[in-house]
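Since the structure comes first, as structure tokens, the remarks are kept for the end.
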Amino acid sequence: MRRISLFLLLFALVLAGCGGSSGDVTVPEPPNTTAFEKSDSDQINKIIEGWQAQVPTTLTQNQIKQETIEQKVYDSTASLQEVVDFYTQQISSANGWTEVRNMPGLQNNLFLKAYDHGNISLVVGALDAKQFGGTGTVIYTAKGSK
């Protein structure tokens, strides 16, 4: 009987250890940013509005609780490559994050990646605003938990 009780206790501790995310899951703001208001470019505004509408839906389809989703949009004077490098460094396996497969990454002046850390998910989108009639880099993030 004691063996079963000890086994159940150890099993419960192992399950509890696997359940949440460990470590710091805060993501610092991207470099050289201010809050995004609206762009003079309708094309940029449509891309950001599309991400703001589609990403939360996709996250909730992947078991992320709607009420935990935080969306942020930034303007940055950093280049798109600097933003990509920033997220590659900040959101790395060394910090406990794993990349979600089947995301395009950096292609055609757009960057789109998703990451998981335990029960936390993060989506990052960025675009070179100069290619769409704007200035700088526009960055979108959405973060939520299961």
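Chain labels run A, B, ... following the order of the structure tokens; each chain numbers its residues from 1, and ligands are numbered from 1 in the order shown.
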
List every residue of stretch 105-136 of chain A that has an atom at most 10 Å from any atom of stretch 32-51 of chain A, and for each one report the closest atom pair and its distance in Å to one decimal, counting only C-alpha atoms, with rows sorted by chain and then by increasing residue number, as JSON lines.
{"residue": "A:Val123", "atom": "CA", "partner": "A:Trp51", "partner_atom": "CA", "distance": 9.8}
{"residue": "A:Val124", "atom": "CA", "partner": "A:Trp51", "partner_atom": "CA", "distance": 9.8}
{"residue": "A:Gly125", "atom": "CA", "partner": "A:Trp51", "partner_atom": "CA", "distance": 8.0}
{"residue": "A:Ala126", "atom": "CA", "partner": "A:Ile48", "partner_atom": "CA", "distance": 9.2}
{"residue": "A:Leu127", "atom": "CA", "partner": "A:Ile44", "partner_atom": "CA", "distance": 8.4}
{"residue": "A:Asp128", "atom": "CA", "partner": "A:Ile44", "partner_atom": "CA", "distance": 9.5}
{"residue": "A:Ala129", "atom": "CA", "partner": "A:Ile44", "partner_atom": "CA", "distance": 7.0}
{"residue": "A:Lys130", "atom": "CA", "partner": "A:Ser41", "partner_atom": "CA", "distance": 9.8}
{"residue": "A:Gln131", "atom": "CA", "partner": "A:Ile44", "partner_atom": "CA", "distance": 9.5}
{"residue": "A:Phe132", "atom": "CA", "partner": "A:Ile44", "partner_atom": "CA", "distance": 6.4}
{"residue": "A:Gly133", "atom": "CA", "partner": "A:Ser41", "partner_atom": "CA", "distance": 5.7}
{"residue": "A:Gly134", "atom": "CA", "partner": "A:Ser41", "partner_atom": "CA", "distance": 5.9}
{"residue": "A:Thr135", "atom": "CA", "partner": "A:Ser39", "partner_atom": "CA", "distance": 8.9}
{"residue": "A:Gly136", "atom": "CA", "partner": "A:Thr33", "partner_atom": "CA", "distance": 9.8}

Can those selected residues be exported to a file as a PDB file, in the first residue's frame so that it contains all heavy atoms?
ATOM      1  N   VAL A 123       3.162  35.026 -31.042  1.00  0.00           N
ATOM      2  CA  VAL A 123       3.247  35.217 -32.488  1.00  0.00           C
ATOM      3  C   VAL A 123       3.873  36.588 -32.712  1.00  0.00           C
ATOM      4  O   VAL A 123       3.495  37.564 -32.060  1.00  0.00           O
ATOM      5  CB  VAL A 123       1.857  35.150 -33.150  1.00  0.00           C
ATOM      6  CG1 VAL A 123       1.940  35.480 -34.624  1.00  0.00           C
ATOM      7  CG2 VAL A 123       1.225  33.795 -32.933  1.00  0.00           C
ATOM      8  N   VAL A 124       4.840  36.643 -33.636  1.00  0.00           N
ATOM      9  CA  VAL A 124       5.504  37.894 -33.972  1.00  0.00           C
ATOM     10  C   VAL A 124       5.396  38.106 -35.478  1.00  0.00           C
ATOM     11  O   VAL A 124       5.725  37.218 -36.263  1.00  0.00           O
ATOM     12  CB  VAL A 124       6.997  37.872 -33.576  1.00  0.00           C
ATOM     13  CG1 VAL A 124       7.679  39.169 -34.000  1.00  0.00           C
ATOM     14  CG2 VAL A 124       7.168  37.637 -32.097  1.00  0.00           C
ATOM     15  N   GLY A 125       4.911  39.276 -35.854  1.00  0.00           N
ATOM     16  CA  GLY A 125       4.883  39.669 -37.253  1.00  0.00           C
ATOM     17  C   GLY A 125       5.574  41.025 -37.384  1.00  0.00           C
ATOM     18  O   GLY A 125       5.427  41.875 -36.511  1.00  0.00           O
ATOM     19  N   ALA A 126       6.354  41.196 -38.430  1.00  0.00           N
ATOM     20  CA  ALA A 126       7.017  42.486 -38.656  1.00  0.00           C
ATOM     21  C   ALA A 126       7.114  42.723 -40.151  1.00  0.00           C
ATOM     22  O   ALA A 126       7.198  41.776 -40.937  1.00  0.00           O
ATOM     23  CB  ALA A 126       8.407  42.489 -38.018  1.00  0.00           C
ATOM     24  N   LEU A 127       7.095  43.992 -40.525  1.00  0.00           N
ATOM     25  CA  LEU A 127       7.215  44.318 -41.941  1.00  0.00           C
ATOM     26  C   LEU A 127       8.069  45.551 -42.129  1.00  0.00           C
ATOM     27  O   LEU A 127       8.105  46.437 -41.277  1.00  0.00           O
ATOM     28  CB  LEU A 127       5.845  44.499 -42.582  1.00  0.00           C
ATOM     29  CG  LEU A 127       4.882  45.543 -42.013  1.00  0.00           C
ATOM     30  CD1 LEU A 127       5.064  46.873 -42.714  1.00  0.00           C
ATOM     31  CD2 LEU A 127       3.471  45.061 -42.183  1.00  0.00           C
ATOM     32  N   ASP A 128       8.777  45.572 -43.245  1.00  0.00           N
ATOM     33  CA  ASP A 128       9.585  46.719 -43.632  1.00  0.00           C
ATOM     34  C   ASP A 128       8.624  47.740 -44.226  1.00  0.00           C
ATOM     35  O   ASP A 128       8.183  47.611 -45.369  1.00  0.00           O
ATOM     36  CB  ASP A 128      10.646  46.292 -44.647  1.00  0.00           C
ATOM     37  CG  ASP A 128      11.563  47.432 -45.047  1.00  0.00           C
ATOM     38  OD1 ASP A 128      11.295  48.601 -44.687  1.00  0.00           O
ATOM     39  OD2 ASP A 128      12.551  47.150 -45.747  1.00  0.00           O
ATOM     40  N   ALA A 129       8.288  48.741 -43.442  1.00  0.00           N
ATOM     41  CA  ALA A 129       7.276  49.716 -43.853  1.00  0.00           C
ATOM     42  C   ALA A 129       7.676  50.482 -45.113  1.00  0.00           C
ATOM     43  O   ALA A 129       6.810  50.907 -45.882  1.00  0.00           O
ATOM     44  CB  ALA A 129       6.990  50.687 -42.708  1.00  0.00           C
ATOM     45  N   LYS A 130       8.973  50.631 -45.355  1.00  0.00           N
ATOM     46  CA  LYS A 130       9.430  51.356 -46.555  1.00  0.00           C
ATOM     47  C   LYS A 130       8.944  50.666 -47.833  1.00  0.00           C
ATOM     48  O   LYS A 130       8.689  51.327 -48.828  1.00  0.00           O
ATOM     49  CB  LYS A 130      10.955  51.466 -46.562  1.00  0.00           C
ATOM     50  CG  LYS A 130      11.491  52.375 -45.464  1.00  0.00           C
ATOM     51  CD  LYS A 130      12.991  52.451 -45.496  1.00  0.00           C
ATOM     52  CE  LYS A 130      13.651  51.534 -44.668  1.00  0.00           C
ATOM     53  NZ  LYS A 130      13.946  50.889 -43.659  1.00  0.00           N
ATOM     54  N   GLN A 131       8.826  49.370 -47.789  1.00  0.00           N
ATOM     55  CA  GLN A 131       8.380  48.613 -48.959  1.00  0.00           C
ATOM     56  C   GLN A 131       6.885  48.795 -49.232  1.00  0.00           C
ATOM     57  O   GLN A 131       6.381  48.397 -50.276  1.00  0.00           O
ATOM     58  CB  GLN A 131       8.686  47.130 -48.779  1.00  0.00           C
ATOM     59  CG  GLN A 131      10.153  46.833 -48.561  1.00  0.00           C
ATOM     60  CD  GLN A 131      11.008  47.281 -49.731  1.00  0.00           C
ATOM     61  OE1 GLN A 131      10.657  47.098 -50.894  1.00  0.00           O
ATOM     62  NE2 GLN A 131      12.144  47.899 -49.430  1.00  0.00           N
ATOM     63  N   PHE A 132       6.182  49.376 -48.254  1.00  0.00           N
ATOM     64  CA  PHE A 132       4.738  49.565 -48.388  1.00  0.00           C
ATOM     65  C   PHE A 132       4.353  51.038 -48.299  1.00  0.00           C
ATOM     66  O   PHE A 132       3.224  51.381 -47.967  1.00  0.00           O
ATOM     67  CB  PHE A 132       4.007  48.763 -47.300  1.00  0.00           C
ATOM     68  CG  PHE A 132       4.269  47.289 -47.377  1.00  0.00           C
ATOM     69  CD1 PHE A 132       5.278  46.690 -46.626  1.00  0.00           C
ATOM     70  CD2 PHE A 132       3.517  46.489 -48.231  1.00  0.00           C
ATOM     71  CE1 PHE A 132       5.516  45.330 -46.709  1.00  0.00           C
ATOM     72  CE2 PHE A 132       3.756  45.121 -48.317  1.00  0.00           C
ATOM     73  CZ  PHE A 132       4.761  44.550 -47.555  1.00  0.00           C
ATOM     74  N   GLY A 133       5.309  51.923 -48.558  1.00  0.00           N
ATOM     75  CA  GLY A 133       5.016  53.350 -48.571  1.00  0.00           C
ATOM     76  C   GLY A 133       5.100  54.032 -47.220  1.00  0.00           C
ATOM     77  O   GLY A 133       4.680  55.178 -47.086  1.00  0.00           O
ATOM     78  N   GLY A 134       5.636  53.367 -46.211  1.00  0.00           N
ATOM     79  CA  GLY A 134       5.775  53.971 -44.888  1.00  0.00           C
ATOM     80  C   GLY A 134       7.230  54.173 -44.535  1.00  0.00           C
ATOM     81  O   GLY A 134       8.088  54.247 -45.417  1.00  0.00           O
ATOM     82  N   THR A 135       7.517  54.267 -43.246  1.00  0.00           N
ATOM     83  CA  THR A 135       8.892  54.418 -42.776  1.00  0.00           C
ATOM     84  C   THR A 135       9.147  53.447 -41.634  1.00  0.00           C
ATOM     85  O   THR A 135       8.235  53.100 -40.881  1.00  0.00           O
ATOM     86  CB  THR A 135       9.170  55.848 -42.273  1.00  0.00           C
ATOM     87  OG1 THR A 135       8.267  56.144 -41.206  1.00  0.00           O
ATOM     88  CG2 THR A 135       9.018  56.871 -43.377  1.00  0.00           C
ATOM     89  N   GLY A 136      10.396  53.012 -41.507  1.00  0.00           N
ATOM     90  CA  GLY A 136      10.790  52.148 -40.394  1.00  0.00           C
ATOM     91  C   GLY A 136      10.265  50.732 -40.525  1.00  0.00           C
ATOM     92  O   GLY A 136      10.047  50.220 -41.623  1.00  0.00           O
TER      93      GLY A 136
END

(request) Mind checking which residues fall within 12 Å of A:Pro31, counting only C-alpha atoms, ignoring those fewer than 6 positions away in the same chain, and posting them as a count of residues only? (result) 19

(request) Quick one: everything within 7 Å of stretch 55-71 of chain A, counting only C-alpha atoms, minus sequence neighbours fewer than 6 positions away in the same chain. Send it as a list in words. (result)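 In the requested format, the answer is Thr141, Ala142, Lys143, Gly144, Ser145 and Lys146 of chain A.
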
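Shortest atom-to-atom contact with A:Gly96 among A:Ala53, A:Tyr140, A:Gly118, A:Pro30: A:Gly118, counting only C-alpha atoms.
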
Give the alpha helix (DSSP H) residues of stretch 49-112 of chain A, as DSSP finds them on the backbone, and put them as a PDB file with all heavy atoms, in the first residue's frame.
ATOM      1  N   GLU A  49      -4.296  45.170 -39.480  1.00  0.00           N
ATOM      2  CA  GLU A  49      -5.680  44.828 -39.142  1.00  0.00           C
ATOM      3  C   GLU A  49      -5.966  43.358 -39.408  1.00  0.00           C
ATOM      4  O   GLU A  49      -6.684  42.706 -38.651  1.00  0.00           O
ATOM      5  CB  GLU A  49      -6.652  45.732 -39.921  1.00  0.00           C
ATOM      6  CG  GLU A  49      -6.646  47.163 -39.437  1.00  0.00           C
ATOM      7  CD  GLU A  49      -7.332  48.136 -40.403  1.00  0.00           C
ATOM      8  OE1 GLU A  49      -7.899  47.693 -41.431  1.00  0.00           O
ATOM      9  OE2 GLU A  49      -7.274  49.350 -40.129  1.00  0.00           O
ATOM     10  N   GLY A  50      -5.396  42.822 -40.486  1.00  0.00           N
ATOM     11  CA  GLY A  50      -5.560  41.399 -40.782  1.00  0.00           C
ATOM     12  C   GLY A  50      -4.942  40.530 -39.707  1.00  0.00           C
ATOM     13  O   GLY A  50      -5.557  39.555 -39.256  1.00  0.00           O
ATOM     14  N   TRP A  51      -3.721  40.882 -39.275  1.00  0.00           N
ATOM     15  CA  TRP A  51      -3.087  40.120 -38.200  1.00  0.00           C
ATOM     16  C   TRP A  51      -3.903  40.224 -36.921  1.00  0.00           C
ATOM     17  O   TRP A  51      -4.111  39.228 -36.219  1.00  0.00           O
ATOM     18  CB  TRP A  51      -1.669  40.623 -37.954  1.00  0.00           C
ATOM     19  CG  TRP A  51      -0.673  40.207 -39.001  1.00  0.00           C
ATOM     20  CD1 TRP A  51      -0.832  39.228 -39.946  1.00  0.00           C
ATOM     21  CD2 TRP A  51       0.625  40.745 -39.218  1.00  0.00           C
ATOM     22  NE1 TRP A  51       0.299  39.142 -40.735  1.00  0.00           N
ATOM     23  CE2 TRP A  51       1.208  40.056 -40.308  1.00  0.00           C
ATOM     24  CE3 TRP A  51       1.359  41.754 -38.605  1.00  0.00           C
ATOM     25  CZ2 TRP A  51       2.490  40.342 -40.783  1.00  0.00           C
ATOM     26  CZ3 TRP A  51       2.638  42.034 -39.081  1.00  0.00           C
ATOM     27  CH2 TRP A  51       3.189  41.326 -40.153  1.00  0.00           C
ATOM     28  N   GLN A  52      -4.395  41.429 -36.597  1.00  0.00           N
ATOM     29  CA  GLN A  52      -5.161  41.616 -35.368  1.00  0.00           C
ATOM     30  C   GLN A  52      -6.466  40.816 -35.383  1.00  0.00           C
ATOM     31  O   GLN A  52      -6.964  40.409 -34.334  1.00  0.00           O
ATOM     32  CB  GLN A  52      -5.461  43.098 -35.147  1.00  0.00           C
ATOM     33  CG  GLN A  52      -4.232  43.886 -34.758  1.00  0.00           C
ATOM     34  CD  GLN A  52      -4.486  45.379 -34.690  1.00  0.00           C
ATOM     35  OE1 GLN A  52      -5.233  45.952 -35.497  1.00  0.00           O
ATOM     36  NE2 GLN A  52      -3.863  46.030 -33.718  1.00  0.00           N
ATOM     37  N   ALA A  53      -7.014  40.573 -36.548  1.00  0.00           N
ATOM     38  CA  ALA A  53      -8.247  39.797 -36.654  1.00  0.00           C
ATOM     39  C   ALA A  53      -7.979  38.297 -36.714  1.00  0.00           C
ATOM     40  O   ALA A  53      -8.684  37.505 -36.083  1.00  0.00           O
ATOM     41  CB  ALA A  53      -9.033  40.229 -37.891  1.00  0.00           C
ATOM     42  N   GLN A  54      -6.950  37.880 -37.451  1.00  0.00           N
ATOM     43  CA  GLN A  54      -6.724  36.460 -37.708  1.00  0.00           C
ATOM     44  C   GLN A  54      -5.923  35.744 -36.633  1.00  0.00           C
ATOM     45  O   GLN A  54      -6.211  34.591 -36.313  1.00  0.00           O
ATOM     46  CB  GLN A  54      -6.021  36.282 -39.057  1.00  0.00           C
ATOM     47  CG  GLN A  54      -6.877  36.706 -40.225  1.00  0.00           C
ATOM     48  CD  GLN A  54      -6.088  36.741 -41.537  1.00  0.00           C
ATOM     49  OE1 GLN A  54      -4.913  36.422 -41.573  1.00  0.00           O
ATOM     50  NE2 GLN A  54      -6.757  37.152 -42.604  1.00  0.00           N
ATOM     51  N   VAL A  55      -4.915  36.388 -36.076  1.00  0.00           N
ATOM     52  CA  VAL A  55      -4.033  35.708 -35.126  1.00  0.00           C
ATOM     53  C   VAL A  55      -4.778  35.263 -33.868  1.00  0.00           C
ATOM     54  O   VAL A  55      -4.638  34.105 -33.457  1.00  0.00           O
ATOM     55  CB  VAL A  55      -2.790  36.565 -34.803  1.00  0.00           C
ATOM     56  CG1 VAL A  55      -1.994  35.968 -33.649  1.00  0.00           C
ATOM     57  CG2 VAL A  55      -1.911  36.695 -36.047  1.00  0.00           C
ATOM     58  N   PRO A  56      -5.601  36.112 -33.221  1.00  0.00           N
ATOM     59  CA  PRO A  56      -6.319  35.628 -32.041  1.00  0.00           C
ATOM     60  C   PRO A  56      -7.236  34.433 -32.346  1.00  0.00           C
ATOM     61  O   PRO A  56      -7.351  33.510 -31.536  1.00  0.00           O
ATOM     62  CB  PRO A  56      -7.131  36.839 -31.582  1.00  0.00           C
ATOM     63  CG  PRO A  56      -6.364  38.004 -32.098  1.00  0.00           C
ATOM     64  CD  PRO A  56      -5.803  37.547 -33.419  1.00  0.00           C
ATOM     65  N   THR A  57      -7.844  34.434 -33.515  1.00  0.00           N
ATOM     66  CA  THR A  57      -8.694  33.306 -33.907  1.00  0.00           C
ATOM     67  C   THR A  57      -7.870  32.033 -34.014  1.00  0.00           C
ATOM     68  O   THR A  57      -8.256  30.967 -33.511  1.00  0.00           O
ATOM     69  CB  THR A  57      -9.400  33.604 -35.246  1.00  0.00           C
ATOM     70  OG1 THR A  57     -10.194  34.783 -35.085  1.00  0.00           O
ATOM     71  CG2 THR A  57     -10.275  32.445 -35.678  1.00  0.00           C
ATOM     72  N   THR A  58      -6.715  32.137 -34.654  1.00  0.00           N
ATOM     73  CA  THR A  58      -5.829  30.977 -34.782  1.00  0.00           C
ATOM     74  C   THR A  58      -5.337  30.516 -33.417  1.00  0.00           C
ATOM     75  O   THR A  58      -5.280  29.319 -33.138  1.00  0.00           O
ATOM     76  CB  THR A  58      -4.643  31.314 -35.699  1.00  0.00           C
ATOM     77  OG1 THR A  58      -5.163  31.715 -36.972  1.00  0.00           O
ATOM     78  CG2 THR A  58      -3.720  30.122 -35.878  1.00  0.00           C
ATOM     79  N   LEU A  59      -4.983  31.457 -32.549  1.00  0.00           N
ATOM     80  CA  LEU A  59      -4.522  31.085 -31.211  1.00  0.00           C
ATOM     81  C   LEU A  59      -5.609  30.352 -30.427  1.00  0.00           C
ATOM     82  O   LEU A  59      -5.332  29.338 -29.788  1.00  0.00           O
ATOM     83  CB  LEU A  59      -4.040  32.321 -30.442  1.00  0.00           C
ATOM     84  CG  LEU A  59      -2.708  32.925 -30.892  1.00  0.00           C
ATOM     85  CD1 LEU A  59      -2.449  34.258 -30.181  1.00  0.00           C
ATOM     86  CD2 LEU A  59      -1.564  31.957 -30.643  1.00  0.00           C
ATOM     87  N   THR A  60      -6.840  30.848 -30.493  1.00  0.00           N
ATOM     88  CA  THR A  60      -7.913  30.176 -29.750  1.00  0.00           C
ATOM     89  C   THR A  60      -8.212  28.797 -30.341  1.00  0.00           C
ATOM     90  O   THR A  60      -8.584  27.882 -29.613  1.00  0.00           O
ATOM     91  CB  THR A  60      -9.199  31.026 -29.699  1.00  0.00           C
ATOM     92  OG1 THR A  60      -9.613  31.357 -31.017  1.00  0.00           O
ATOM     93  CG2 THR A  60      -8.994  32.280 -28.876  1.00  0.00           C
ATOM     94  N   GLN A  61      -8.028  28.627 -31.638  1.00  0.00           N
ATOM     95  CA  GLN A  61      -8.188  27.303 -32.244  1.00  0.00           C
ATOM     96  C   GLN A  61      -7.104  26.344 -31.760  1.00  0.00           C
ATOM     97  O   GLN A  61      -7.275  25.130 -31.821  1.00  0.00           O
ATOM     98  CB  GLN A  61      -8.142  27.397 -33.772  1.00  0.00           C
ATOM     99  CG  GLN A  61      -9.349  28.067 -34.361  1.00  0.00           C
ATOM    100  CD  GLN A  61      -9.197  28.367 -35.859  1.00  0.00           C
ATOM    101  OE1 GLN A  61      -8.107  28.267 -36.422  1.00  0.00           O
ATOM    102  NE2 GLN A  61     -10.297  28.770 -36.482  1.00  0.00           N
ATOM    103  N   LEU A  80      14.293  45.846 -40.407  1.00  0.00           N
ATOM    104  CA  LEU A  80      13.601  44.570 -40.291  1.00  0.00           C
ATOM    105  C   LEU A  80      14.579  43.478 -39.853  1.00  0.00           C
ATOM    106  O   LEU A  80      14.252  42.661 -38.987  1.00  0.00           O
ATOM    107  CB  LEU A  80      12.921  44.196 -41.611  1.00  0.00           C
ATOM    108  CG  LEU A  80      12.143  42.879 -41.615  1.00  0.00           C
ATOM    109  CD1 LEU A  80      11.036  42.884 -40.569  1.00  0.00           C
ATOM    110  CD2 LEU A  80      11.561  42.620 -43.002  1.00  0.00           C
ATOM    111  N   GLN A  81      15.776  43.466 -40.395  1.00  0.00           N
ATOM    112  CA  GLN A  81      16.766  42.455 -40.007  1.00  0.00           C
ATOM    113  C   GLN A  81      17.146  42.588 -38.533  1.00  0.00           C
ATOM    114  O   GLN A  81      17.307  41.587 -37.839  1.00  0.00           O
ATOM    115  CB  GLN A  81      18.017  42.532 -40.893  1.00  0.00           C
ATOM    116  CG  GLN A  81      18.987  41.389 -40.647  1.00  0.00           C
ATOM    117  CD  GLN A  81      18.379  40.016 -40.921  1.00  0.00           C
ATOM    118  OE1 GLN A  81      17.885  39.769 -42.015  1.00  0.00           O
ATOM    119  NE2 GLN A  81      18.395  39.128 -39.924  1.00  0.00           N
ATOM    120  N   GLU A  82      17.250  43.815 -38.041  1.00  0.00           N
ATOM    121  CA  GLU A  82      17.548  44.011 -36.611  1.00  0.00           C
ATOM    122  C   GLU A  82      16.420  43.467 -35.740  1.00  0.00           C
ATOM    123  O   GLU A  82      16.672  42.885 -34.684  1.00  0.00           O
ATOM    124  CB  GLU A  82      17.778  45.491 -36.311  1.00  0.00           C
ATOM    125  CG  GLU A  82      19.080  46.038 -36.861  1.00  0.00           C
ATOM    126  CD  GLU A  82      19.200  47.549 -36.728  1.00  0.00           C
ATOM    127  OE1 GLU A  82      18.194  48.272 -36.940  1.00  0.00           O
ATOM    128  OE2 GLU A  82      20.316  47.994 -36.415  1.00  0.00           O
ATOM    129  N   VAL A  83      15.184  43.634 -36.183  1.00  0.00           N
ATOM    130  CA  VAL A  83      14.040  43.103 -35.442  1.00  0.00           C
ATOM    131  C   VAL A  83      14.064  41.577 -35.457  1.00  0.00           C
ATOM    132  O   VAL A  83      13.860  40.926 -34.428  1.00  0.00           O
ATOM    133  CB  VAL A  83      12.714  43.657 -36.015  1.00  0.00           C
ATOM    134  CG1 VAL A  83      11.513  42.948 -35.406  1.00  0.00           C
ATOM    135  CG2 VAL A  83      12.632  45.163 -35.790  1.00  0.00           C
ATOM    136  N   VAL A  84      14.336  40.984 -36.616  1.00  0.00           N
ATOM    137  CA  VAL A  84      14.439  39.527 -36.728  1.00  0.00           C
ATOM    138  C   VAL A  84      15.534  39.018 -35.797  1.00  0.00           C
ATOM    139  O   VAL A  84      15.334  38.059 -35.042  1.00  0.00           O
ATOM    140  CB  VAL A  84      14.708  39.101 -38.191  1.00  0.00           C
ATOM    141  CG1 VAL A  84      15.062  37.625 -38.275  1.00  0.00           C
ATOM    142  CG2 VAL A  84      13.500  39.421 -39.064  1.00  0.00           C
ATOM    143  N   ASP A  85      16.701  39.667 -35.817  1.00  0.00           N
ATOM    144  CA  ASP A  85      17.814  39.266 -34.960  1.00  0.00           C
ATOM    145  C   ASP A  85      17.449  39.397 -33.482  1.00  0.00           C
ATOM    146  O   ASP A  85      17.802  38.537 -32.665  1.00  0.00           O
ATOM    147  CB  ASP A  85      19.064  40.098 -35.260  1.00  0.00           C
ATOM    148  CG  ASP A  85      19.638  39.833 -36.644  1.00  0.00           C
ATOM    149  OD1 ASP A  85      19.279  38.801 -37.278  1.00  0.00           O
ATOM    150  OD2 ASP A  85      20.438  40.669 -37.114  1.00  0.00           O
ATOM    151  N   PHE A  86      16.731  40.454 -33.127  1.00  0.00           N
ATOM    152  CA  PHE A  86      16.296  40.667 -31.750  1.00  0.00           C
ATOM    153  C   PHE A  86      15.440  39.499 -31.271  1.00  0.00           C
ATOM    154  O   PHE A  86      15.688  38.931 -30.209  1.00  0.00           O
ATOM    155  CB  PHE A  86      15.514  41.984 -31.641  1.00  0.00           C
ATOM    156  CG  PHE A  86      14.816  42.167 -30.330  1.00  0.00           C
ATOM    157  CD1 PHE A  86      15.517  42.610 -29.220  1.00  0.00           C
ATOM    158  CD2 PHE A  86      13.452  41.893 -30.203  1.00  0.00           C
ATOM    159  CE1 PHE A  86      14.863  42.785 -28.006  1.00  0.00           C
ATOM    160  CE2 PHE A  86      12.805  42.060 -28.991  1.00  0.00           C
ATOM    161  CZ  PHE A  86      13.508  42.508 -27.886  1.00  0.00           C
ATOM    162  N   TYR A  87      14.426  39.136 -32.056  1.00  0.00           N
ATOM    163  CA  TYR A  87      13.552  38.036 -31.646  1.00  0.00           C
ATOM    164  C   TYR A  87      14.271  36.690 -31.680  1.00  0.00           C
ATOM    165  O   TYR A  87      14.028  35.830 -30.832  1.00  0.00           O
ATOM    166  CB  TYR A  87      12.263  38.011 -32.469  1.00  0.00           C
ATOM    167  CG  TYR A  87      11.295  39.051 -31.974  1.00  0.00           C
ATOM    168  CD1 TYR A  87      11.068  40.215 -32.683  1.00  0.00           C
ATOM    169  CD2 TYR A  87      10.629  38.882 -30.768  1.00  0.00           C
ATOM    170  CE1 TYR A  87      10.206  41.192 -32.209  1.00  0.00           C
ATOM    171  CE2 TYR A  87       9.769  39.853 -30.284  1.00  0.00           C
ATOM    172  CZ  TYR A  87       9.557  40.999 -31.005  1.00  0.00           C
ATOM    173  OH  TYR A  87       8.715  41.964 -30.522  1.00  0.00           O
ATOM    174  N   THR A  88      15.179  36.514 -32.622  1.00  0.00           N
ATOM    175  CA  THR A  88      15.950  35.273 -32.668  1.00  0.00           C
ATOM    176  C   THR A  88      16.773  35.119 -31.394  1.00  0.00           C
ATOM    177  O   THR A  88      16.882  34.019 -30.847  1.00  0.00           O
ATOM    178  CB  THR A  88      16.868  35.256 -33.905  1.00  0.00           C
ATOM    179  OG1 THR A  88      16.055  35.370 -35.074  1.00  0.00           O
ATOM    180  CG2 THR A  88      17.688  33.982 -33.975  1.00  0.00           C
ATOM    181  N   GLN A  89      17.300  36.224 -30.891  1.00  0.00           N
ATOM    182  CA  GLN A  89      18.105  36.184 -29.671  1.00  0.00           C
ATOM    183  C   GLN A  89      17.224  36.072 -28.431  1.00  0.00           C
ATOM    184  O   GLN A  89      17.500  35.275 -27.534  1.00  0.00           O
ATOM    185  CB  GLN A  89      18.979  37.430 -29.582  1.00  0.00           C
ATOM    186  CG  GLN A  89      19.855  37.454 -28.348  1.00  0.00           C
ATOM    187  CD  GLN A  89      20.694  38.728 -28.262  1.00  0.00           C
ATOM    188  OE1 GLN A  89      20.494  39.681 -29.003  1.00  0.00           O
ATOM    189  NE2 GLN A  89      21.633  38.740 -27.350  1.00  0.00           N
ATOM    190  N   GLN A  90      16.175  36.870 -28.341  1.00  0.00           N
ATOM    191  CA  GLN A  90      15.331  36.909 -27.148  1.00  0.00           C
ATOM    192  C   GLN A  90      14.448  35.674 -26.995  1.00  0.00           C
ATOM    193  O   GLN A  90      14.175  35.229 -25.890  1.00  0.00           O
ATOM    194  CB  GLN A  90      14.441  38.161 -27.151  1.00  0.00           C
ATOM    195  CG  GLN A  90      15.198  39.452 -27.035  1.00  0.00           C
ATOM    196  CD  GLN A  90      15.890  39.600 -25.698  1.00  0.00           C
ATOM    197  OE1 GLN A  90      15.350  39.255 -24.662  1.00  0.00           O
ATOM    198  NE2 GLN A  90      17.110  40.098 -25.726  1.00  0.00           N
TER     199      GLN A  90
END

(request) Take atom CA of A:Pro104 and atom CA of A:Val27 and report the distance between them in Å, one decimal. (result)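 Straight-line distance from atom CA of A:Pro104 to atom CA of A:Val27 works out to 20.8 Å.
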
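Here atom CA of A:Asn102 is placed at a distance of 13.5 Å from atom CA of A:Asp116.
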
(message) One number please: atom CA of A:Thr26 to atom CA of A:Leu122, in Å, one decimal.
(response)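 Separation between atom CA of A:Thr26 and atom CA of A:Leu122: 10.4 Å.
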